[in-house]
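With compact mmCIF, C-alpha atoms inside, this is protein.txt:
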# COMPACT_ATOMS: atom_id res chain seq x y z
CA MET A 188 2.39 10.80 21.86
CA ALA A 189 0.47 7.52 21.94
CA LYS A 190 -0.25 7.89 25.65
CA ALA A 191 -1.57 11.42 25.08
CA VAL A 192 -3.81 10.14 22.26
CA LYS A 193 -5.07 7.41 24.62
CA GLN A 194 -5.79 10.05 27.26
CA GLY A 195 -8.02 11.82 24.74
CA VAL A 196 -9.77 8.59 23.74
CA ASP A 197 -10.40 7.69 27.37
CA SER A 198 -11.92 11.12 28.05
CA VAL A 199 -14.98 10.19 25.96
CA GLU A 200 -17.59 8.41 28.06
CA GLY A 201 -18.06 4.78 27.05
CA VAL A 202 -14.87 4.60 24.98
CA GLU A 203 -11.62 2.93 26.05
CA GLY A 204 -8.27 3.24 24.32
CA VAL A 205 -5.87 0.30 24.25
CA LEU A 206 -2.21 0.78 23.33
CA PHE A 207 -0.37 -1.60 21.03
CA GLN A 208 2.93 -1.40 19.19
CA VAL A 209 3.92 -3.12 15.96
CA ALA A 210 6.70 -5.64 15.61
CA GLU A 211 10.10 -4.17 14.79
CA THR A 212 11.47 -5.00 11.34
CA LEU A 213 15.08 -3.83 11.66
CA PRO A 214 18.00 -5.48 13.47
CA ALA A 215 19.21 -3.94 16.74
CA GLU A 216 22.49 -2.84 15.12
CA VAL A 217 20.66 -0.71 12.55
CA LEU A 218 18.28 0.72 15.17
CA GLY A 219 21.27 1.74 17.29
CA LYS A 220 22.82 3.65 14.39
CA MET A 221 19.49 5.41 13.87
CA HIS A 222 19.26 6.39 17.56
CA ALA A 223 15.89 4.61 17.71
CA PRO A 224 14.49 4.39 21.24
CA ALA A 225 13.98 1.01 22.85
CA LYS A 226 10.53 -0.51 22.41
CA PRO A 227 8.44 -0.34 25.59
CA GLU A 228 8.15 -3.75 27.21
CA ASP A 229 4.80 -3.00 28.87
CA ILE A 230 2.90 -2.42 25.60
CA PRO A 231 1.86 -5.57 23.71
CA VAL A 232 2.61 -6.11 20.03
CA ALA A 233 -0.45 -5.81 17.80
CA ASN A 234 -1.61 -8.88 15.96
CA PRO A 235 -2.55 -7.94 12.39
CA SER A 236 -5.00 -10.85 12.32
CA THR A 237 -7.12 -9.53 15.19
CA ILE A 238 -7.17 -5.76 14.65
CA ASN A 239 -10.71 -6.03 13.28
CA GLU A 240 -11.88 -6.47 16.88
CA ALA A 241 -11.39 -2.74 17.51
CA ASP A 242 -14.05 -0.17 16.63
CA GLY A 243 -11.53 2.53 15.66
CA PHE A 244 -7.81 3.23 15.40
CA VAL A 245 -5.19 5.91 15.84
CA PHE A 246 -1.99 4.75 14.20
CA GLY A 247 1.39 6.28 14.95
CA PHE A 248 3.27 6.49 11.64
CA PRO A 249 6.92 7.52 11.80
CA THR A 250 8.58 8.91 8.70
CA ARG A 251 10.45 5.60 8.68
CA GLN A 252 7.36 3.82 7.45
CA GLY A 253 8.87 0.35 6.98
CA LEU A 254 7.57 -1.20 10.17
CA MET A 255 4.05 0.18 9.68
CA LYS A 256 4.08 -0.84 6.02
CA ALA A 257 5.03 -4.38 7.08
CA PHE A 258 2.19 -4.38 9.62
CA PHE A 259 -0.38 -3.27 7.05
CA ASP A 260 0.96 -5.73 4.48
CA ALA A 261 0.09 -8.46 6.99
CA THR A 262 -3.56 -7.36 7.05
CA GLY A 263 -4.34 -8.64 3.56
CA GLY A 264 -7.00 -11.02 4.87
CA HIS A 265 -8.97 -8.04 6.13
CA TRP A 266 -8.85 -6.46 2.65
CA GLN A 267 -10.40 -9.59 1.17
CA LYS A 268 -13.13 -9.81 3.84
CA GLY A 269 -13.75 -6.07 4.14
CA SER A 270 -13.61 -6.48 7.92
CA LEU A 271 -12.13 -3.00 8.49
CA ALA A 272 -14.39 -1.18 6.02
CA GLY A 273 -16.27 1.70 7.56
CA LYS A 274 -14.14 1.83 10.71
CA ALA A 275 -12.73 5.21 11.72
CA ALA A 276 -8.98 5.74 11.85
CA SER A 277 -6.57 8.60 12.41
CA MET A 278 -2.79 8.98 12.42
CA PHE A 279 -0.06 10.85 14.25
CA THR A 280 3.61 11.05 13.39
CA SER A 281 7.11 11.82 14.57
CA THR A 282 9.89 13.34 12.51
CA ALA A 283 13.45 14.49 13.11
CA SER A 284 12.78 18.11 12.16
CA GLN A 285 10.13 20.50 10.86
CA GLY A 286 11.17 19.88 7.28
CA SER A 287 10.97 16.09 7.58
CA GLY A 288 7.56 15.56 6.01
CA GLN A 289 4.92 15.22 8.72
CA GLU A 290 2.02 15.98 6.38
CA THR A 291 3.51 13.89 3.58
CA THR A 292 4.02 10.94 5.93
CA ILE A 293 0.34 10.90 6.89
CA MET A 294 -0.95 11.63 3.37
CA THR A 295 1.12 8.73 2.04
CA ALA A 296 0.02 6.40 4.82
CA VAL A 297 -3.68 7.13 4.28
CA THR A 298 -3.46 4.83 1.25
CA GLN A 299 -3.24 1.91 3.68
CA LEU A 300 -6.60 2.93 5.14
CA ALA A 301 -8.14 3.44 1.69
CA HIS A 302 -7.33 -0.16 0.72
CA HIS A 303 -9.39 -1.28 3.71
CA GLY A 304 -12.25 1.16 3.12
CA MET A 305 -11.59 2.84 6.46
CA ILE A 306 -12.78 6.38 7.22
CA TYR A 307 -9.93 8.81 7.84
CA VAL A 308 -10.60 11.27 10.65
CA PRO A 309 -8.13 14.19 10.58
CA THR A 310 -7.65 16.58 13.47
CA GLY A 311 -8.20 19.65 11.35
CA TYR A 312 -7.37 22.77 13.31
CA GLY A 313 -9.69 21.66 16.09
CA SER A 314 -7.09 21.69 18.84
CA GLY A 315 -7.03 25.44 18.55
CA GLY A 316 -4.46 28.04 19.45
CA SER A 317 -1.58 25.70 20.19
CA MET A 318 -1.34 24.90 16.48
CA PHE A 319 -1.02 28.54 15.45
CA GLY A 320 1.63 29.87 17.83
CA LEU A 321 5.04 30.71 16.41
CA ASP A 322 6.83 30.95 19.73
CA ALA A 323 8.47 27.51 19.47
CA ALA A 324 9.17 24.78 16.93
CA LYS A 325 6.50 22.10 16.98
CA GLY A 326 5.07 19.28 14.97
CA GLY A 327 1.52 18.52 13.98
CA SER A 328 -0.80 19.54 11.18
CA PRO A 329 -4.48 19.33 10.29
CA TRP A 330 -3.70 15.79 9.11
CA GLY A 331 -2.78 14.65 12.62
CA ALA A 332 -0.73 15.30 15.71
CA GLY A 333 3.02 15.24 15.36
CA THR A 334 6.20 15.77 17.27
CA LEU A 335 9.73 16.78 16.37
CA ALA A 336 12.01 14.12 17.82
CA GLY A 337 15.31 15.73 16.85
CA PRO A 338 17.99 14.10 14.71
CA ASP A 339 18.98 11.73 17.51
CA GLY A 340 15.44 11.10 18.77
CA SER A 341 16.12 12.76 22.13
CA ARG A 342 13.53 15.54 22.02
CA GLN A 343 10.33 14.76 23.89
CA PRO A 344 6.93 16.07 22.72
CA SER A 345 6.15 19.63 23.79
CA ALA A 346 3.03 20.64 25.71
CA ALA A 347 1.50 21.98 22.47
CA GLU A 348 2.21 18.71 20.63
CA LEU A 349 0.71 16.67 23.46
CA GLU A 350 -2.34 18.94 23.52
CA GLN A 351 -2.96 18.19 19.86
CA ALA A 352 -2.51 14.45 20.50
CA VAL A 353 -5.08 14.52 23.33
CA PHE A 354 -7.48 16.40 21.04
CA GLN A 355 -6.90 13.86 18.27
CA GLY A 356 -7.75 10.95 20.56
CA LYS A 357 -10.90 12.67 21.82
CA ASN A 358 -11.94 13.61 18.27
CA LEU A 359 -11.48 10.07 16.96
CA ALA A 360 -13.28 8.54 19.96
CA THR A 361 -16.22 10.90 19.46
CA VAL A 362 -16.52 9.84 15.81
CA VAL A 363 -16.18 6.13 16.69
CA LYS A 364 -18.88 6.46 19.33
CA LYS A 365 -21.25 8.00 16.75
CA LEU A 366 -20.45 5.32 14.16
CA THR A 367 -21.04 2.46 16.59
CA ALA A 368 -24.23 3.86 18.17
With the file now loaded, output its structure as structure tokens.
Amino acid sequence: MAKAVKQGVDSVEGVEGVLFQVAETLPAEVLGKMHAPAKPEDIPVANPSTINEADGFVFGFPTRQGLMKAFFDATGGHWQKGSLAGKAASMFTSTASQGSGQETTIMTAVTQLAHHGMIYVPTGYGSGGSMFGLDAAKGGSPWGAGTLAGPDGSRQPSAAELEQAVFQGKNLATVVKKLTA
């Protein structure tokens, strides 16, 4: 999903997406029992102290919010300085099933952005027809792109889910470009 979002960001002239991941908070034994995928070794870990260098953000928030909560808890210095205020941000998510709370995950996580005074940029229904079809199970909502990972995490994002993620990246990049002009 993150790579599809980056594809959308990169499609906007003059805007470049950069992928980061957050530090893991759980021991390997617990992650194994959860069927969590291995962290990619080619994507650097974000430094909460330097995120203010970016003009905008698309955060991937899993329903297991602990690692993202820990990341945002480490950004307290930015709250005090207001260094993220007015910056655009969006979110995408991954859940085990359709009833796993994709909208709730993002709505709950938006509070992290509010503390910083960031501007939330939802996808709305802008990605079009792929969001409305009933031919297959899929994630995503007007709050942000989403995928259904399956109970063991083995399901990969569908074409419709990736389409919404690309749209989300392009939408966010367009807003960031306007805000920084």
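Of the residues under consideration (A:Gly340, A:Lys256, A:Gly286, A:Ala241), A:Ala241 shows the shortest atom-to-atom contact distance to A:Ser270 when counting only C-alpha atoms.
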**OP:** Determine, counting all atoms listed in the file, which protein, DNA and RNA residues have an atom within 9 Å of an atom of A:Gly253; residues of the same chain fewer than 4 positions away are not included. Present the result as JSON, numbers by chain.
**Re:** {"A": [212, 213, 249, 257, 258]}
**OP:** May I ask which of the residues A:Ala332, A:Ala210, A:Val205, A:Val297 is the closest one to A:Ala276, counting only C-alpha atoms?
**Re:** A:Val297
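The two atoms in question, atom CA of A:Val353 and atom CA of A:Met221, are spaced 27.9 Å apart.
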**OP:** Mind checking which residues fall within 12 Å of stretch 317-321 of chain A, counting all atoms listed in the file, ignoring those fewer than 3 positions away in the same chain, and posting them as a PyMOL selection string?
**Re:** chain A and resi 310-314+324-334+345-352+354
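Candidate residues A:Trp266, A:Asp242, A:Met255, A:Val202 were compared for distance to A:Met278, and the nearest is A:Met255, using all atoms listed in the file.
You will find atom CA of A:Val192 at 27.6 Å from atom CA of A:Gly264.
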Fill-in result for stretch 280-291 of chain A, N, CA, C and O atoms as a CSV table (one decimal), in the coordinates of the input:
chain,number,residue,atom,x,y,z
A,280,THR,N,2.3,11.4,13.9
A,280,THR,CA,3.6,11.0,13.4
A,280,THR,C,4.7,11.7,14.2
A,280,THR,O,4.5,12.5,15.1
A,281,SER,N,5.9,11.3,13.9
A,281,SER,CA,7.1,11.8,14.6
A,281,SER,C,8.2,12.0,13.5
A,281,SER,O,8.4,11.0,12.7
A,282,THR,N,8.8,13.1,13.5
A,282,THR,CA,9.9,13.3,12.5
A,282,THR,C,11.1,13.9,13.2
A,282,THR,O,11.0,14.4,14.3
A,283,ALA,N,12.2,13.9,12.5
A,283,ALA,CA,13.4,14.5,13.1
A,283,ALA,C,13.4,16.0,13.2
A,283,ALA,O,14.0,16.6,14.1
A,284,SER,N,12.8,16.6,12.2
A,284,SER,CA,12.8,18.1,12.2
A,284,SER,C,11.5,18.6,11.5
A,284,SER,O,10.7,17.8,11.0
A,285,GLN,N,11.3,19.9,11.5
A,285,GLN,CA,10.1,20.5,10.9
A,285,GLN,C,10.1,20.2,9.4
A,285,GLN,O,9.0,20.2,8.8
A,286,GLY,N,11.2,20.1,8.7
A,286,GLY,CA,11.2,19.9,7.3
A,286,GLY,C,11.2,18.4,6.9
A,286,GLY,O,11.6,18.1,5.8
A,287,SER,N,10.8,17.5,7.8
A,287,SER,CA,11.0,16.1,7.6
A,287,SER,C,9.7,15.4,7.0
A,287,SER,O,9.7,14.2,6.9
A,288,GLY,N,8.7,16.1,6.7
A,288,GLY,CA,7.6,15.6,6.0
A,288,GLY,C,6.4,15.0,6.9
A,288,GLY,O,5.9,14.0,6.5
A,289,GLN,N,6.0,15.7,7.9
A,289,GLN,CA,4.9,15.2,8.7
A,289,GLN,C,3.6,15.1,7.9
A,289,GLN,O,3.0,14.0,8.0
A,290,GLU,N,3.2,16.1,7.2
A,290,GLU,CA,2.0,16.0,6.4
A,290,GLU,C,2.2,14.9,5.3
A,290,GLU,O,1.2,14.1,5.1
A,291,THR,N,3.3,14.9,4.6
A,291,THR,CA,3.5,13.9,3.6
A,291,THR,C,3.5,12.5,4.1
A,291,THR,O,2.9,11.6,3.5
